[in-house]
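In what follows, a single structure is set out as structure tokens and then discussed.
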Amino acid sequence: MITQTKRLIISKFTAEDAPFFLELVNTPHWIKYIGDRGIKTITQAEERIQQGHLKSYVEHGFGFYKLLLKDENLKPIGTAGLIKRDTLDDVDIGFAMLPDYEGKGFGYESSVEIMKLAKDRFELKRLAAITLDNNQSSIKLLEKLGFIYEKRVKPFEDDEELLLFAKEFYK
């Protein structure tokens, strides 16, 4: 366990989380707003966890975490966390939920806790967040979290333009 909130346990992913991760990355909103990552098998999901999540924990001390619902016997319902992308100056916060758990405040609840970790444990001074301009749910959540729109960016090879939001942490 990394931390917890009133309703969630936030913990590191392991290779054993591949079935959940496979389900999450193939949900309609993940594909629409984050993109189809071509992860279609348990083996591919395990590889992505190892090459992404686990590698980030070692290299940066942080990464994306799984969100476990306390009221449902620690059922994994989503992910939230931090990623350092080569194409962005700042560490990026992100989040995604399974469809049955969207719109219930879990993104906000987990992101508040992730921001505390970013500031207090990882001593980051600033966080970024990127989203498609048509992802109104994400934009509203980022604004509620205190992120401010800064500019449009093209951080990935697909050349798609995204909105970049940022939040400064002050002592």
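Within each chain, counting starts at residue 1; across the structure tokens, chains are named A, B, ... in the order shown, with ligands numbered 1 upward in that order.
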
Within 12 Å of Glu102 (chain A), counting only C-alpha atoms, which residues qualify if same-chain residues fewer than 5 places away don't, as a list in words?
->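 That gives Leu24, Thr27, Pro28, His29, Trp30, Ile77, Gly78, Thr79, Phe95, Ala96, Met97, Gly107, Tyr108, Ser137, Ser138 and Leu141 of chain A.
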
Considering only C-alpha atoms, return as an MDAnalysis selection string whatever protein or nucleic-acid residues lie within 10 Å of Lys75 (chain A), sequence-local ones (same chain, fewer than 4 positions apart) excluded.
-> chainID A and resid 8:9 20 66:71

Export C-alpha atoms of the chosen residues as a compact mmCIF listing (two decimals), in the first residue's frame?
# COMPACT_ATOMS: atom_id res chain seq x y z
CA LEU A 8 -9.69 3.65 -1.51
CA ILE A 9 -6.46 1.81 -0.96
CA PHE A 20 -7.52 -6.00 -14.35
CA LYS A 66 -4.13 0.74 -8.77
CA LEU A 67 -7.15 1.96 -6.87
CA LEU A 68 -8.78 -0.65 -4.65
CA LEU A 69 -12.29 -0.06 -3.32
CA LYS A 70 -12.49 -0.68 0.42
CA ASP A 71 -16.27 -1.30 0.37

Per DSSP on the backbone, what are the strand (DSSP E or B) residues of region 29-111 of chain A, as a PyMOL selection string?
-> chain A and resi 64-69+75-83+92-97

So that I have them on file, write out the residues from the current selection with N, CA and C atoms, as a compact mmCIF listing (two decimals), in the first residue's frame.
# COMPACT_ATOMS: atom_id res chain seq x y z
N PHE A 64 2.12 4.87 -11.91
CA PHE A 64 0.67 4.73 -11.80
C PHE A 64 0.37 3.64 -10.79
N TYR A 65 -0.67 3.87 -10.01
CA TYR A 65 -1.08 2.95 -8.96
C TYR A 65 -2.48 2.43 -9.22
N LYS A 66 -2.76 1.26 -8.66
CA LYS A 66 -4.13 0.74 -8.77
C LYS A 66 -4.94 1.26 -7.60
N LEU A 67 -6.21 1.47 -7.87
CA LEU A 67 -7.15 1.96 -6.87
C LEU A 67 -8.05 0.80 -6.45
N LEU A 68 -8.01 0.47 -5.17
CA LEU A 68 -8.78 -0.65 -4.65
C LEU A 68 -9.91 -0.11 -3.77
N LEU A 69 -11.12 -0.55 -4.04
CA LEU A 69 -12.29 -0.06 -3.32
C LEU A 69 -12.46 -0.81 -2.00
N LYS A 75 -11.68 -4.50 -4.43
CA LYS A 75 -11.80 -4.68 -5.88
C LYS A 75 -11.05 -3.55 -6.59
N PRO A 76 -10.20 -3.88 -7.58
CA PRO A 76 -9.55 -2.82 -8.36
C PRO A 76 -10.57 -2.13 -9.26
N ILE A 77 -10.61 -0.78 -9.18
CA ILE A 77 -11.62 -0.03 -9.94
C ILE A 77 -11.02 0.99 -10.89
N GLY A 78 -9.71 1.22 -10.78
CA GLY A 78 -9.11 2.23 -11.64
C GLY A 78 -7.65 2.42 -11.34
N THR A 79 -7.11 3.49 -11.91
CA THR A 79 -5.70 3.82 -11.71
C THR A 79 -5.56 5.33 -11.58
N ALA A 80 -4.56 5.73 -10.85
CA ALA A 80 -4.18 7.14 -10.74
C ALA A 80 -2.70 7.15 -10.39
N GLY A 81 -2.02 8.18 -10.85
CA GLY A 81 -0.61 8.24 -10.51
C GLY A 81 0.15 9.28 -11.28
N LEU A 82 1.45 9.10 -11.25
CA LEU A 82 2.39 10.07 -11.80
C LEU A 82 3.28 9.40 -12.84
N ILE A 83 3.61 10.14 -13.89
CA ILE A 83 4.50 9.62 -14.92
C ILE A 83 5.42 10.74 -15.40
N ASP A 92 3.66 14.27 -14.91
CA ASP A 92 2.27 14.33 -15.37
C ASP A 92 1.41 13.46 -14.44
N ILE A 93 0.26 13.97 -14.04
CA ILE A 93 -0.70 13.20 -13.26
C ILE A 93 -1.75 12.64 -14.22
N GLY A 94 -2.22 11.44 -13.93
CA GLY A 94 -3.25 10.84 -14.76
C GLY A 94 -4.17 9.95 -13.94
N PHE A 95 -5.30 9.59 -14.52
CA PHE A 95 -6.29 8.78 -13.83
C PHE A 95 -7.24 8.16 -14.84
N ALA A 96 -7.81 7.01 -14.47
CA ALA A 96 -8.81 6.34 -15.29
C ALA A 96 -9.56 5.34 -14.40
N MET A 97 -10.86 5.21 -14.66
CA MET A 97 -11.70 4.29 -13.88
C MET A 97 -12.40 3.30 -14.80

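Proximity ranking of A:Glu47, A:Asp36, A:Asp90, A:Glu109 relative to Pro155 (chain A) places A:Asp90 first, based on only C-alpha atoms.
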
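Distances to Asn73 (chain A) were evaluated for A:Arg7, A:Lys167, A:Lys104, A:Arg37 using only C-alpha atoms, and the minimum falls at A:Arg7.
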
Name the residues of region 47-76 of chain A that fall into helix (DSSP H, G or I) according to DSSP on the backbone, using the chain letters and numbers of this document, as a compact mmCIF listing (two decimals) with N, CA and C atoms, in the first residue's frame.
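The result, stored in part08.txt:
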# COMPACT_ATOMS: atom_id res chain seq x y z
N GLU A 47 3.45 -7.46 -19.73
CA GLU A 47 4.62 -6.78 -20.28
C GLU A 47 4.51 -5.27 -20.10
N ARG A 48 3.34 -4.73 -20.32
CA ARG A 48 3.14 -3.28 -20.17
C ARG A 48 3.33 -2.85 -18.71
N ILE A 49 2.82 -3.65 -17.79
CA ILE A 49 3.02 -3.35 -16.36
C ILE A 49 4.51 -3.37 -16.02
N GLN A 50 5.21 -4.39 -16.50
CA GLN A 50 6.64 -4.51 -16.19
C GLN A 50 7.45 -3.39 -16.83
N GLN A 51 7.18 -3.09 -18.10
CA GLN A 51 7.97 -2.09 -18.82
C GLN A 51 7.55 -0.65 -18.51
N GLY A 52 6.35 -0.48 -18.00
CA GLY A 52 5.86 0.86 -17.68
C GLY A 52 5.83 1.11 -16.19
N HIS A 53 4.87 0.52 -15.51
CA HIS A 53 4.64 0.77 -14.09
C HIS A 53 5.85 0.40 -13.22
N LEU A 54 6.28 -0.86 -13.33
CA LEU A 54 7.36 -1.33 -12.45
C LEU A 54 8.67 -0.61 -12.73
N LYS A 55 8.94 -0.36 -14.00
CA LYS A 55 10.16 0.38 -14.38
C LYS A 55 10.12 1.80 -13.81
N SER A 56 8.95 2.45 -13.85
CA SER A 56 8.81 3.81 -13.32
C SER A 56 9.03 3.84 -11.81
N TYR A 57 8.51 2.83 -11.09
CA TYR A 57 8.72 2.78 -9.64
C TYR A 57 10.21 2.77 -9.32
N VAL A 58 10.98 2.00 -10.10
CA VAL A 58 12.42 1.88 -9.86
C VAL A 58 13.15 3.16 -10.28
N GLU A 59 12.85 3.66 -11.47
CA GLU A 59 13.58 4.81 -12.01
C GLU A 59 13.23 6.13 -11.34
N HIS A 60 11.96 6.32 -10.99
CA HIS A 60 11.51 7.62 -10.49
C HIS A 60 10.98 7.58 -9.05
N LYS A 70 -12.38 -0.07 -0.90
CA LYS A 70 -12.49 -0.68 0.42
C LYS A 70 -13.84 -1.39 0.62
N ASP A 71 -14.92 -0.76 0.16
CA ASP A 71 -16.27 -1.30 0.37
C ASP A 71 -16.58 -2.54 -0.46
N GLU A 72 -15.75 -2.84 -1.45
CA GLU A 72 -16.01 -4.00 -2.31
C GLU A 72 -14.86 -4.98 -2.26

Mind pulling up the distance from CA of Leu132 (chain A) to CA of Lys151 (chain A)?
->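 We find that CA of Lys151 (chain A) and CA of Leu132 (chain A) lie 12.1 Å from each other.
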
Straight-line distance linking CA of Leu22 (chain A) with CA of Tyr101 (chain A), stated in Å to one decimal = 16.5 Å

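Pairwise distance (CA of Leu88 (chain A), CA of Asn26 (chain A)) equals 25.3 Å.
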